[in-house]
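Asker: Sending over target.pdb (PDB, C-alpha atoms, pLDDT in the B column).
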```pdb
MODEL        1
ATOM      1  CA  MET A   1     131.483 106.265  78.579  1.00 73.00           C
ATOM      2  CA  LEU A   2     134.572 105.495  80.665  1.00 79.00           C
ATOM      3  CA  ASP A   3     134.557 107.130  84.102  1.00 87.00           C
ATOM      4  CA  TRP A   4     137.314 109.430  85.352  1.00 92.00           C
ATOM      5  CA  TRP A   5     138.959 106.729  87.471  1.00 93.00           C
ATOM      6  CA  ASP A   6     139.158 104.279  84.576  1.00 91.00           C
ATOM      7  CA  ILE A   7     140.626 106.946  82.313  1.00 91.00           C
ATOM      8  CA  ALA A   8     143.189 107.958  84.957  1.00 95.00           C
ATOM      9  CA  LEU A   9     144.081 104.326  85.615  1.00 95.00           C
ATOM     10  CA  ARG A  10     144.600 103.464  81.939  1.00 94.00           C
ATOM     11  CA  LEU A  11     146.593 106.608  81.154  1.00 95.00           C
ATOM     12  CA  GLY A  12     148.517 106.540  84.434  1.00 97.00           C
ATOM     13  CA  ILE A  13     149.609 102.930  84.151  1.00 97.00           C
ATOM     14  CA  ALA A  14     150.542 103.416  80.489  1.00 96.00           C
ATOM     15  CA  THR A  15     152.729 106.375  81.455  1.00 97.00           C
ATOM     16  CA  VAL A  16     154.368 104.719  84.474  1.00 97.00           C
ATOM     17  CA  ALA A  17     154.978 101.356  82.772  1.00 97.00           C
ATOM     18  CA  SER A  18     156.509 103.050  79.733  1.00 96.00           C
ATOM     19  CA  ALA A  19     158.552 105.411  81.922  1.00 96.00           C
ATOM     20  CA  VAL A  20     160.056 102.415  83.737  1.00 96.00           C
ATOM     21  CA  ILE A  21     161.368 101.146  80.407  1.00 96.00           C
ATOM     22  CA  GLY A  22     162.631 104.665  79.693  1.00 95.00           C
ATOM     23  CA  LEU A  23     164.398 104.785  83.053  1.00 95.00           C
ATOM     24  CA  ASN A  24     166.264 101.598  82.120  1.00 94.00           C
ATOM     25  CA  ARG A  25     167.393 103.185  78.838  1.00 93.00           C
ATOM     26  CA  ASP A  26     168.391 106.411  80.628  1.00 93.00           C
ATOM     27  CA  LEU A  27     170.414 104.537  83.262  1.00 94.00           C
ATOM     28  CA  HIS A  28     172.300 102.859  80.427  1.00 91.00           C
ATOM     29  CA  GLY A  29     173.151 106.256  78.898  1.00 91.00           C
ATOM     30  CA  LYS A  30     170.932 105.818  75.847  1.00 88.00           C
ATOM     31  CA  PRO A  31     169.455 108.696  73.838  1.00 82.00           C
ATOM     32  CA  ILE A  32     165.893 108.122  75.042  1.00 88.00           C
ATOM     33  CA  GLY A  33     164.695 108.042  78.602  1.00 91.00           C
ATOM     34  CA  LEU A  34     161.914 108.239  81.115  1.00 94.00           C
ATOM     35  CA  ARG A  35     160.113 111.271  79.677  1.00 95.00           C
ATOM     36  CA  THR A  36     160.283 110.192  76.039  1.00 93.00           C
ATOM     37  CA  LEU A  37     159.041 106.659  76.557  1.00 95.00           C
ATOM     38  CA  GLY A  38     156.536 107.772  79.216  1.00 96.00           C
ATOM     39  CA  LEU A  39     155.048 110.117  76.631  1.00 95.00           C
ATOM     40  CA  VAL A  40     155.002 107.369  73.975  1.00 94.00           C
ATOM     41  CA  GLY A  41     152.983 105.138  76.315  1.00 94.00           C
ATOM     42  CA  LEU A  42     150.666 107.964  77.340  1.00 95.00           C
ATOM     43  CA  ALA A  43     150.100 109.079  73.747  1.00 93.00           C
ATOM     44  CA  THR A  44     149.319 105.622  72.426  1.00 93.00           C
ATOM     45  CA  ALA A  45     146.946 104.873  75.302  1.00 92.00           C
ATOM     46  CA  THR A  46     145.192 108.181  74.684  1.00 92.00           C
ATOM     47  CA  ALA A  47     144.853 107.492  70.956  1.00 90.00           C
ATOM     48  CA  VAL A  48     143.405 104.026  71.563  1.00 88.00           C
ATOM     49  CA  MET A  49     140.914 105.386  74.098  1.00 87.00           C
ATOM     50  CA  LEU A  50     139.973 108.216  71.767  1.00 85.00           C
ATOM     51  CA  ALA A  51     139.165 105.872  68.868  1.00 81.00           C
ATOM     52  CA  ASN A  52     135.977 104.453  70.368  1.00 71.00           C
ATOM     53  CA  PRO A  53     135.566 104.681  74.147  1.00 71.00           C
ATOM     54  CA  ALA A  54     132.110 103.042  74.094  1.00 71.00           C
ATOM     55  CA  ALA A  55     133.516  99.862  72.539  1.00 66.00           C
ATOM     56  CA  LEU A  56     136.339  99.789  75.106  1.00 69.00           C
ATOM     57  CA  GLU A  57     133.832 100.054  77.934  1.00 68.00           C
ATOM     58  CA  ALA A  58     131.927  97.086  76.500  1.00 68.00           C
ATOM     59  CA  GLY A  59     135.188  95.123  76.194  1.00 69.00           C
ATOM     60  CA  ARG A  60     135.152  95.030  72.391  1.00 73.00           C
ATOM     61  CA  LEU A  61     137.713  96.125  69.843  1.00 78.00           C
ATOM     62  CA  SER A  62     135.972  98.254  67.224  1.00 80.00           C
ATOM     63  CA  ASP A  63     137.097  98.682  63.621  1.00 86.00           C
ATOM     64  CA  ALA A  64     138.069 102.286  64.415  1.00 83.00           C
ATOM     65  CA  THR A  65     140.234 101.172  67.330  1.00 84.00           C
ATOM     66  CA  SER A  66     141.839  98.485  65.189  1.00 87.00           C
ATOM     67  CA  ARG A  67     142.732 101.062  62.531  1.00 88.00           C
ATOM     68  CA  VAL A  68     144.184 103.412  65.148  1.00 89.00           C
ATOM     69  CA  ILE A  69     146.340 100.581  66.537  1.00 89.00           C
ATOM     70  CA  GLN A  70     147.576  99.685  63.055  1.00 89.00           C
ATOM     71  CA  GLY A  71     148.471 103.321  62.358  1.00 90.00           C
ATOM     72  CA  LEU A  72     150.219 103.727  65.711  1.00 90.00           C
ATOM     73  CA  LEU A  73     152.362 100.649  65.305  1.00 88.00           C
ATOM     74  CA  THR A  74     153.325 101.635  61.782  1.00 86.00           C
ATOM     75  CA  GLY A  75     154.019 105.270  62.600  1.00 87.00           C
ATOM     76  CA  ILE A  76     155.919 104.672  65.825  1.00 88.00           C
ATOM     77  CA  GLY A  77     158.643 103.025  63.768  1.00 82.00           C
ATOM     78  CA  PHE A  78     159.719 106.463  62.574  1.00 82.00           C
ATOM     79  CA  LEU A  79     160.330 107.618  66.137  1.00 80.00           C
ATOM     80  CA  GLY A  80     162.277 104.437  66.825  1.00 81.00           C
ATOM     81  CA  ALA A  81     164.323 104.923  63.675  1.00 82.00           C
ATOM     82  CA  GLY A  82     165.444 108.272  65.042  1.00 81.00           C
ATOM     83  CA  VAL A  83     167.436 106.626  67.839  1.00 80.00           C
ATOM     84  CA  ILE A  84     169.312 104.230  65.565  1.00 84.00           C
ATOM     85  CA  VAL A  85     172.813 105.454  64.737  1.00 82.00           C
ATOM     86  CA  HIS A  86     175.223 104.049  62.158  1.00 75.00           C
ATOM     87  CA  SER A  87     178.887 104.629  62.941  1.00 78.00           C
ATOM     88  CA  GLU A  88     182.108 102.907  61.879  1.00 80.00           C
ATOM     89  CA  SER A  89     180.455  99.713  60.653  1.00 79.00           C
ATOM     90  CA  LYS A  90     178.460  99.468  63.900  1.00 84.00           C
ATOM     91  CA  VAL A  91     174.780  99.991  64.408  1.00 82.00           C
ATOM     92  CA  LYS A  92     173.742 101.385  67.786  1.00 85.00           C
ATOM     93  CA  GLY A  93     170.354 102.099  69.290  1.00 87.00           C
ATOM     94  CA  LEU A  94     168.449  99.029  68.138  1.00 89.00           C
ATOM     95  CA  THR A  95     167.417  98.077  71.681  1.00 91.00           C
ATOM     96  CA  SER A  96     166.266 101.635  72.344  1.00 90.00           C
ATOM     97  CA  ALA A  97     164.295 101.611  69.087  1.00 91.00           C
ATOM     98  CA  ALA A  98     162.698  98.325  70.116  1.00 92.00           C
ATOM     99  CA  CYS A  99     161.851  99.910  73.472  1.00 94.00           C
ATOM    100  CA  VAL A 100     160.047 102.745  71.682  1.00 93.00           C
ATOM    101  CA  TRP A 101     157.938 100.207  69.816  1.00 93.00           C
ATOM    102  CA  PHE A 102     157.376  98.160  72.986  1.00 95.00           C
ATOM    103  CA  THR A 103     156.224 101.170  74.991  1.00 96.00           C
ATOM    104  CA  ALA A 104     153.778 101.974  72.205  1.00 94.00           C
ATOM    105  CA  CYS A 105     152.420  98.443  72.580  1.00 95.00           C
ATOM    106  CA  ILE A 106     152.204  98.877  76.357  1.00 96.00           C
ATOM    107  CA  GLY A 107     150.273 102.115  75.829  1.00 94.00           C
ATOM    108  CA  ILE A 108     147.894 100.365  73.449  1.00 93.00           C
ATOM    109  CA  VAL A 109     147.297  97.497  75.854  1.00 93.00           C
ATOM    110  CA  CYS A 110     146.736  99.948  78.739  1.00 94.00           C
ATOM    111  CA  GLY A 111     144.299 101.898  76.576  1.00 91.00           C
ATOM    112  CA  LEU A 112     142.416  98.650  76.035  1.00 90.00           C
ATOM    113  CA  GLY A 113     142.477  97.931  79.776  1.00 90.00           C
ATOM    114  CA  LEU A 114     144.113  94.496  79.458  1.00 91.00           C
ATOM    115  CA  TRP A 115     145.922  94.570  82.809  1.00 93.00           C
ATOM    116  CA  ARG A 116     147.196  90.986  82.933  1.00 95.00           C
ATOM    117  CA  LEU A 117     148.796  91.438  79.522  1.00 95.00           C
ATOM    118  CA  VAL A 118     150.412  94.706  80.657  1.00 96.00           C
ATOM    119  CA  THR A 119     151.789  93.061  83.798  1.00 96.00           C
ATOM    120  CA  VAL A 120     153.251  90.003  82.092  1.00 97.00           C
ATOM    121  CA  ALA A 121     154.674  91.922  79.105  1.00 96.00           C
ATOM    122  CA  LEU A 122     156.272  94.561  81.333  1.00 97.00           C
ATOM    123  CA  ALA A 123     157.772  91.933  83.662  1.00 97.00           C
ATOM    124  CA  ILE A 124     159.272  89.986  80.762  1.00 97.00           C
ATOM    125  CA  ALA A 125     160.631  93.176  79.152  1.00 96.00           C
ATOM    126  CA  LEU A 126     162.280  94.307  82.389  1.00 96.00           C
ATOM    127  CA  VAL A 127     163.892  90.899  82.937  1.00 96.00           C
ATOM    128  CA  LEU A 128     165.167  90.982  79.369  1.00 95.00           C
ATOM    129  CA  LEU A 129     166.512  94.531  79.663  1.00 95.00           C
ATOM    130  CA  ILE A 130     168.145  93.943  83.054  1.00 95.00           C
ATOM    131  CA  LEU A 131     169.557  90.455  82.533  1.00 95.00           C
ATOM    132  CA  GLY A 132     169.896  90.315  78.737  1.00 93.00           C
ATOM    133  CA  GLY A 133     173.103  92.362  78.499  1.00 90.00           C
ATOM    134  CA  PRO A 134     175.039  90.413  81.148  1.00 93.00           C
ATOM    135  CA  PHE A 135     173.801  87.106  79.683  1.00 93.00           C
ATOM    136  CA  GLU A 136     174.935  88.170  76.190  1.00 91.00           C
ATOM    137  CA  ARG A 137     178.396  89.060  77.541  1.00 90.00           C
ATOM    138  CA  VAL A 138     178.741  85.661  79.219  1.00 91.00           C
ATOM    139  CA  LEU A 139     177.757  83.893  76.001  1.00 90.00           C
ATOM    140  CA  HIS A 140     180.132  86.019  73.915  1.00 88.00           C
ATOM    141  CA  ARG A 141     183.036  85.227  76.238  1.00 88.00           C
ATOM    142  CA  ALA A 142     182.185  81.523  76.256  1.00 87.00           C
ATOM    143  CA  PHE A 143     181.818  81.185  72.496  1.00 87.00           C
ATOM    144  CA  ARG A 144     184.458  83.704  71.430  1.00 81.00           C
ATOM    145  CA  GLY A 145     187.128  81.547  73.042  1.00 60.00           C
ATOM    146  CA  ARG A 146     185.977  78.524  71.076  1.00 59.00           C
ATOM    147  CA  SER A 147     185.731  80.278  67.723  1.00 51.00           C
ATOM    148  CA  GLU A 148     189.245  81.728  67.968  1.00 53.00           C
ATOM    149  CA  ARG A 149     190.930  78.350  68.452  1.00 49.00           C
ATOM    150  CA  PRO A 150     192.569  76.908  65.366  1.00 53.00           C
ATOM    151  CA  PRO A 151     190.692  73.987  63.848  1.00 51.00           C
ATOM    152  CA  SER A 152     192.025  70.651  64.961  1.00 48.00           C
ATOM    153  CA  GLY A 153     193.094  67.948  62.586  1.00 50.00           C
TER     154      GLY A 153
ENDMDL
END
```
Please re-express this file's structure in structure tokens.
Answerer:
Amino acid sequence: MLDWWDIALRLGIATVASAVIGLNRDLHGKPIGLRTLGLVGLATATAVMLANPAALEAGRLSDATSRVIQGLLTGIGFLGAGVIVHSESKVKGLTSAACVWFTACIGIVCGLGLWRLVTVALAIALVLLILGGPFERVLHRAFRGRSERPPSG
């Protein structure tokens, strides 16, 4: 059986890592934030740990845990779909929906205790969320100017 410290570590890191992604969404004025995504990470970590704690302690992925992960990743799509909005031929909220799914994955990986995977995935996600928007704008400006020029010849 997992000890109290291991449980607190897995659930705590899942909550904090997911909340950091939520903070990014909140700072960008999106409909989900720190509390929502923190809870997604906490809930998924809890569900994974609940499936078969003895297998997790031994470092194995049991069939029960595998089924829980499959159900979580399928079901979390409905929560993500709730933040997608269609308006005036535009679709908004896709990045936030992807963040919901990502925080579920972070919760799962924390529940499994795979700390290197959590660290690398979270670092890459934060770089993408922080630098992705400005990089997209630069590319749009660079290529928009070229596509609007009349064809030569």
Asker: Would you pick out the contacts of stretch 117-123 of chain A at 9 Å or less, using all atoms listed in the file, so that residues sharing its chain but fewer than 4 positions from it are not included, and give the list as an MDAnalysis selection string?
Answerer: chainID A and resid 13:14 17:18 21 106:107 109:110 113 127:128
Asker: Can you give me, as a ChimeraX atom specification, the residues this file yields under the PyMOL selection byres ((chain A and resi 8) around 12)?
Answerer: /A:2-7,9-16,42,45-46,49,110-111,113
Asker: Could you take the residues named above and write them with C-alpha atoms, as a PDB file, in the frame of the given file?
Answerer:
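Printed below is selection26.pdb as written:
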```pdb
ATOM      1  CA  LEU A   2     134.572 105.495  80.665  1.00 79.00           C
ATOM      2  CA  ASP A   3     134.557 107.130  84.102  1.00 87.00           C
ATOM      3  CA  TRP A   4     137.314 109.430  85.352  1.00 92.00           C
ATOM      4  CA  TRP A   5     138.959 106.729  87.471  1.00 93.00           C
ATOM      5  CA  ASP A   6     139.158 104.279  84.576  1.00 91.00           C
ATOM      6  CA  ILE A   7     140.626 106.946  82.313  1.00 91.00           C
ATOM      7  CA  LEU A   9     144.081 104.326  85.615  1.00 95.00           C
ATOM      8  CA  ARG A  10     144.600 103.464  81.939  1.00 94.00           C
ATOM      9  CA  LEU A  11     146.593 106.608  81.154  1.00 95.00           C
ATOM     10  CA  GLY A  12     148.517 106.540  84.434  1.00 97.00           C
ATOM     11  CA  ILE A  13     149.609 102.930  84.151  1.00 97.00           C
ATOM     12  CA  ALA A  14     150.542 103.416  80.489  1.00 96.00           C
ATOM     13  CA  THR A  15     152.729 106.375  81.455  1.00 97.00           C
ATOM     14  CA  VAL A  16     154.368 104.719  84.474  1.00 97.00           C
ATOM     15  CA  LEU A  42     150.666 107.964  77.340  1.00 95.00           C
ATOM     16  CA  ALA A  45     146.946 104.873  75.302  1.00 92.00           C
ATOM     17  CA  THR A  46     145.192 108.181  74.684  1.00 92.00           C
ATOM     18  CA  MET A  49     140.914 105.386  74.098  1.00 87.00           C
ATOM     19  CA  CYS A 110     146.736  99.948  78.739  1.00 94.00           C
ATOM     20  CA  GLY A 111     144.299 101.898  76.576  1.00 91.00           C
ATOM     21  CA  GLY A 113     142.477  97.931  79.776  1.00 90.00           C
TER      22      GLY A 113
END
```
Asker: Which neighbours of A:Ile108 fall inside 7 Å, counting all atoms listed in the file, when residues of the same chain fewer than 3 positions from it are skipped, and could you give them as a PyMOL selection string?
Answerer: chain A and resi 44-45+48+104-105+111-112
Asker: With all atoms listed in the file as the counted atoms, please give the residues lying no more than 7 Å from A:Val83, apart from itself and same-chain residues fewer than 3 positions off, as a list of chain:residue names.
Answerer: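 That gives A:Pro31, A:Gly80, A:Gly93, A:Ser96, A:Ala97.
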Asker: Report, in Å with one decimal, the straight-line distance from atom CA of A:Val68 to atom CA of A:Leu126.
Answerer: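 Taking atom CA of A:Val68 as the start and atom CA of A:Leu126 as the end point, the length is 26.6 Å.
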Asker: Running the PyMOL selection byres ((chain A and resi 33) around 12) on this model by hand, what would come out? Give it as a ChimeraX atom specification.
Answerer: /A:18-32,34-40,83,96-97,99-100,103
Asker: Put those residues in a file: C-alpha atoms, as a compact mmCIF listing (two decimals), in the frame of the given file.
Answerer:
```txt
# COMPACT_ATOMS: atom_id res chain seq x y z
CA SER A 18 156.51 103.05 79.73
CA ALA A 19 158.55 105.41 81.92
CA VAL A 20 160.06 102.42 83.74
CA ILE A 21 161.37 101.15 80.41
CA GLY A 22 162.63 104.66 79.69
CA LEU A 23 164.40 104.78 83.05
CA ASN A 24 166.26 101.60 82.12
CA ARG A 25 167.39 103.18 78.84
CA ASP A 26 168.39 106.41 80.63
CA LEU A 27 170.41 104.54 83.26
CA HIS A 28 172.30 102.86 80.43
CA GLY A 29 173.15 106.26 78.90
CA LYS A 30 170.93 105.82 75.85
CA PRO A 31 169.46 108.70 73.84
CA ILE A 32 165.89 108.12 75.04
CA LEU A 34 161.91 108.24 81.11
CA ARG A 35 160.11 111.27 79.68
CA THR A 36 160.28 110.19 76.04
CA LEU A 37 159.04 106.66 76.56
CA GLY A 38 156.54 107.77 79.22
CA LEU A 39 155.05 110.12 76.63
CA VAL A 40 155.00 107.37 73.97
CA VAL A 83 167.44 106.63 67.84
CA SER A 96 166.27 101.64 72.34
CA ALA A 97 164.30 101.61 69.09
CA CYS A 99 161.85 99.91 73.47
CA VAL A 100 160.05 102.74 71.68
CA THR A 103 156.22 101.17 74.99
```
Asker: For a test of reading the model, state the distance in Å between atom CA of A:Asp63 and atom CA of A:Ala51, rounded to one decimal.
Answerer: 9.1 Å
Asker: To one decimal place in Å, what is the distance between atom CA of A:Leu129 and atom CA of A:Ala98?
Answerer: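 So the two atoms, atom CA of A:Leu129 and atom CA of A:Ala98, lie 11.0 Å apart.
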Asker: Work out where the centre of an axis-aligned box around every listed atom of stretch 3-7 of chain A lies and how long its edges are once 6 Å is added on each side; give both in Å to one decimal as AutoDock Vina command-line options.
Answerer:
```
--center_x 137.6 --center_y 106.9 --center_z 84.9 --size_x 18.1 --size_y 17.2 --size_z 17.2
```
Asker: Counting only C-alpha atoms, figure out which residue out of A:Ala64, A:Phe102, A:Leu139, A:Lys90 gets nearest to A:Gly77.
Answerer: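 Nearest candidate to A:Gly77 out of A:Ala64, A:Phe102, A:Leu139, A:Lys90: A:Phe102.
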Asker: Compare A:Ile76, A:Met1, A:Trp101, A:Lys92 by their minimum atom-to-atom distance to A:Pro53, counting all atoms listed in the file, and give me the closest one.
Answerer: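 That would be A:Met1, the residue with the smallest distance to A:Pro53.
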